[in-house]
Amino acid sequence: MYCGKKNAVLTMKIKFQDREHEFYVCSRDCEVKSRQYLKKADKNASRFVGGVILVVIILVPLEALLGGPLTMIFVPLGLLMLIYPFTSRETLLFLGAKRATILARTIGITLIVISIIEIIIRLLC
Ligand SMILES: [Zn+2]
């Protein structure tokens, strides 16, 4: 689960998102890391969702009202993804926790980089 290896043979049971789940792990070390990851993800998922909801109900209408910049939405979302790099359960099972974390952080950084480019373009125009 953590490293995303497909030949994982051991299983572990863990409560995640209020449900009992069974994950495949390749070693005991992998199990420990998976448990740590899921515990953290479980704890922070509501904060991430709360942050996204705040962006959607406050910043999206404000951005539409002001006619931009997109930076107002992209920077908070990017920061949220950097601080809470947790993906969906499906992504987690497909990629493994390690790569899913890298993916989430990459998306976060991309959003921030797009924002910086947008600011530079606006300053030049
Ligand atoms: Zn593993």
# chains A, B, ... in the order shown; residues from 1 in each chain; ligands from 1

$ residues_near_ligand --ligand "ligand 1" --cutoff "9 Å" --atoms "only C-alpha atoms and all ligand atoms" --output "ChimeraX atom specification"
/A:1-8,24-31,33-34,96

$ write_last_selection --atoms "N, CA and C atoms" --output "short mmCIF file (atom, residue, chain, number, x, y, z; two decimals), in the first residue's frame"
data_model
loop_
_atom_site.label_atom_id
_atom_site.label_comp_id
_atom_site.auth_asym_id
_atom_site.auth_seq_id
_atom_site.Cartn_x
_atom_site.Cartn_y
_atom_site.Cartn_z
N MET A 1 0.83 -1.20 0.00
CA MET A 1 0.00 0.00 0.00
C MET A 1 0.87 1.26 0.00
N TYR A 2 1.83 1.29 0.90
CA TYR A 2 2.65 2.50 0.98
C TYR A 2 3.53 2.68 -0.25
N CYS A 3 4.27 1.64 -0.59
CA CYS A 3 5.23 1.77 -1.69
C CYS A 3 4.58 1.53 -3.05
N GLY A 4 3.36 1.00 -3.06
CA GLY A 4 2.65 0.80 -4.32
C GLY A 4 3.06 -0.43 -5.10
N LYS A 5 3.79 -1.33 -4.46
CA LYS A 5 4.20 -2.56 -5.14
C LYS A 5 2.97 -3.43 -5.39
N LYS A 6 2.95 -4.05 -6.56
CA LYS A 6 1.77 -4.84 -6.92
C LYS A 6 1.89 -6.28 -6.39
N ASN A 7 3.07 -6.70 -6.02
CA ASN A 7 3.25 -8.07 -5.55
C ASN A 7 3.11 -8.20 -4.03
N ALA A 8 2.44 -7.19 -3.43
CA ALA A 8 2.26 -7.21 -1.98
C ALA A 8 1.43 -8.43 -1.58
N TYR A 24 -3.27 -4.17 1.13
CA TYR A 24 -2.15 -5.09 0.91
C TYR A 24 -0.84 -4.35 1.18
N VAL A 25 0.04 -5.00 1.86
CA VAL A 25 1.36 -4.42 2.12
C VAL A 25 2.42 -5.46 1.76
N CYS A 26 3.63 -4.99 1.43
CA CYS A 26 4.66 -5.92 0.97
C CYS A 26 5.57 -6.39 2.10
N SER A 27 5.60 -5.63 3.19
CA SER A 27 6.46 -6.02 4.31
C SER A 27 5.93 -5.38 5.59
N ARG A 28 6.53 -5.77 6.71
CA ARG A 28 6.11 -5.18 7.99
C ARG A 28 6.44 -3.70 8.02
N ASP A 29 7.58 -3.36 7.42
CA ASP A 29 8.00 -1.96 7.36
C ASP A 29 6.96 -1.16 6.56
N CYS A 30 6.51 -1.76 5.49
CA CYS A 30 5.50 -1.14 4.63
C CYS A 30 4.20 -0.95 5.43
N GLU A 31 3.88 -1.92 6.26
CA GLU A 31 2.67 -1.83 7.06
C GLU A 31 2.74 -0.67 8.04
N LYS A 33 4.55 2.05 7.81
CA LYS A 33 4.47 3.31 7.07
C LYS A 33 3.05 3.57 6.58
N SER A 34 2.38 2.50 6.14
CA SER A 34 1.00 2.64 5.67
C SER A 34 0.10 3.12 6.80
N GLY A 96 -0.12 3.77 -4.69
CA GLY A 96 0.60 3.61 -3.44
C GLY A 96 0.72 4.97 -2.78
#

$ closest_residue --among "A:Ile14, A:Ile109, A:Val49, A:Ile73" --to "Val32 in chain A" --atoms "only C-alpha atoms"
A:Ile14

$ select_by_dssp --residues "chain A" --states "strand (DSSP E)" --output "count of residues only"
14

$ select_by_dssp --residues "range 66-125 of chain A" --states "alpha helix (DSSP H)" --output "VMD selection string"
chain A and resid 66 71 to 83 89 to 95 97 to 124

$ residues_around --residues "Phe48 in chain A" --least-positions-apart "4" --cutoff "9 Å" --atoms "only C-alpha atoms" --output "number ranges by chain"
A: 44, 52-53, 80-81, 83-86

$ write_last_selection --atoms "N, CA and C atoms" --output "PDB file, in the first residue's frame"
ATOM      1  N   ASN A  44      -6.309  14.595   8.775  1.00  0.00           N
ATOM      2  CA  ASN A  44      -6.227  15.847   8.032  1.00  0.00           C
ATOM      3  C   ASN A  44      -7.210  15.970   6.881  1.00  0.00           C
ATOM      4  N   VAL A  52     -10.958  23.461   1.063  1.00  0.00           N
ATOM      5  CA  VAL A  52     -11.465  23.514  -0.315  1.00  0.00           C
ATOM      6  C   VAL A  52     -12.852  24.166  -0.329  1.00  0.00           C
ATOM      7  N   ILE A  53     -13.689  23.820   0.658  1.00  0.00           N
ATOM      8  CA  ILE A  53     -15.033  24.403   0.740  1.00  0.00           C
ATOM      9  C   ILE A  53     -14.945  25.918   0.937  1.00  0.00           C
ATOM     10  N   LEU A  80      -2.955  24.123  -0.002  1.00  0.00           N
ATOM     11  CA  LEU A  80      -3.692  23.040   0.658  1.00  0.00           C
ATOM     12  C   LEU A  80      -3.151  21.683   0.223  1.00  0.00           C
ATOM     13  N   MET A  81      -2.860  21.561  -1.072  1.00  0.00           N
ATOM     14  CA  MET A  81      -2.371  20.277  -1.583  1.00  0.00           C
ATOM     15  C   MET A  81      -0.941  19.999  -1.123  1.00  0.00           C
ATOM     16  N   ILE A  83       0.266  21.122   1.866  1.00  0.00           N
ATOM     17  CA  ILE A  83       0.217  20.843   3.311  1.00  0.00           C
ATOM     18  C   ILE A  83      -0.475  19.505   3.584  1.00  0.00           C
ATOM     19  N   TYR A  84      -1.544  19.232   2.834  1.00  0.00           N
ATOM     20  CA  TYR A  84      -2.293  17.981   3.020  1.00  0.00           C
ATOM     21  C   TYR A  84      -2.278  17.175   1.730  1.00  0.00           C
ATOM     22  N   PRO A  85      -1.152  16.533   1.434  1.00  0.00           N
ATOM     23  CA  PRO A  85      -1.048  15.851   0.133  1.00  0.00           C
ATOM     24  C   PRO A  85      -1.717  14.474   0.135  1.00  0.00           C
ATOM     25  N   PHE A  86      -3.014  14.457   0.409  1.00  0.00           N
ATOM     26  CA  PHE A  86      -3.722  13.181   0.475  1.00  0.00           C
ATOM     27  C   PHE A  86      -4.686  13.073  -0.688  1.00  0.00           C
TER      28      PHE A  86
END

$ residues_around --residues "Arg122 in chain A" --least-positions-apart "5" --cutoff "10 Å" --atoms "only C-alpha atoms" --output "list in words"
Pro69, Ile116 and Ile117 of chain A

$ closest_residue --among "A:Ala64, A:Tyr37, A:Thr71, A:Leu123" --to "Thr101 in chain A" --atoms "only C-alpha atoms"
A:Tyr37

$ residues_around --residues "Ser88 in chain A" --least-positions-apart "4" --cutoff "12 Å" --atoms "only C-alpha atoms" --output "compact mmCIF listing (two decimals) with N, CA and C atoms, in the first residue's frame"
# COMPACT_ATOMS: atom_id res chain seq x y z
N PHE A 16 -10.29 3.42 8.43
CA PHE A 16 -9.94 4.60 7.65
C PHE A 16 -11.21 5.21 7.09
N GLN A 17 -11.38 6.50 7.27
CA GLN A 17 -12.60 7.21 6.86
C GLN A 17 -13.84 6.49 7.40
N LEU A 38 -2.01 6.57 6.81
CA LEU A 38 -3.47 6.58 6.86
C LEU A 38 -3.99 7.33 8.09
N ALA A 41 -3.60 10.91 7.20
CA ALA A 41 -4.57 11.25 6.16
C ALA A 41 -5.97 11.37 6.76
N ASP A 42 -6.30 10.44 7.63
CA ASP A 42 -7.62 10.42 8.27
C ASP A 42 -7.84 11.69 9.09
N ALA A 45 -7.88 14.88 6.54
CA ALA A 45 -8.80 14.90 5.39
C ALA A 45 -9.87 15.96 5.56
N PHE A 48 -8.53 19.42 4.94
CA PHE A 48 -8.34 19.66 3.50
C PHE A 48 -9.69 19.99 2.86
N VAL A 49 -10.69 19.16 3.14
CA VAL A 49 -12.03 19.36 2.57
C VAL A 49 -12.59 20.71 3.02
N LEU A 92 -4.86 6.15 -4.11
CA LEU A 92 -3.98 5.55 -3.12
C LEU A 92 -3.70 4.08 -3.44
N LEU A 93 -4.75 3.35 -3.76
CA LEU A 93 -4.59 1.93 -4.05
C LEU A 93 -3.87 1.72 -5.38
N PHE A 94 -4.09 2.63 -6.31
CA PHE A 94 -3.51 2.49 -7.64
C PHE A 94 -2.02 2.85 -7.63
N LEU A 95 -1.68 3.95 -6.98
CA LEU A 95 -0.30 4.44 -7.02
C LEU A 95 0.53 4.04 -5.81
N GLY A 96 -0.12 3.77 -4.69
CA GLY A 96 0.60 3.61 -3.44
C GLY A 96 0.72 4.97 -2.78
N ALA A 97 0.82 4.97 -1.45
CA ALA A 97 0.81 6.23 -0.70
C ALA A 97 1.97 7.14 -1.06
N ALA A 100 1.37 8.70 -4.46
CA ALA A 100 0.18 9.55 -4.39
C ALA A 100 0.52 10.88 -3.73
N THR A 101 1.40 10.81 -2.69
CA THR A 101 1.83 12.03 -2.00
C THR A 101 2.63 12.92 -2.94
N LEU A 103 2.44 12.95 -6.17
CA LEU A 103 1.50 13.46 -7.16
C LEU A 103 0.75 14.69 -6.63
N ALA A 104 0.22 14.57 -5.40
CA ALA A 104 -0.55 15.67 -4.82
C ALA A 104 0.33 16.92 -4.67

$ atom_distance --atom1 "CA of Ser115 in chain A" --atom2 "CA of Gly50 in chain A"
21.9 Å
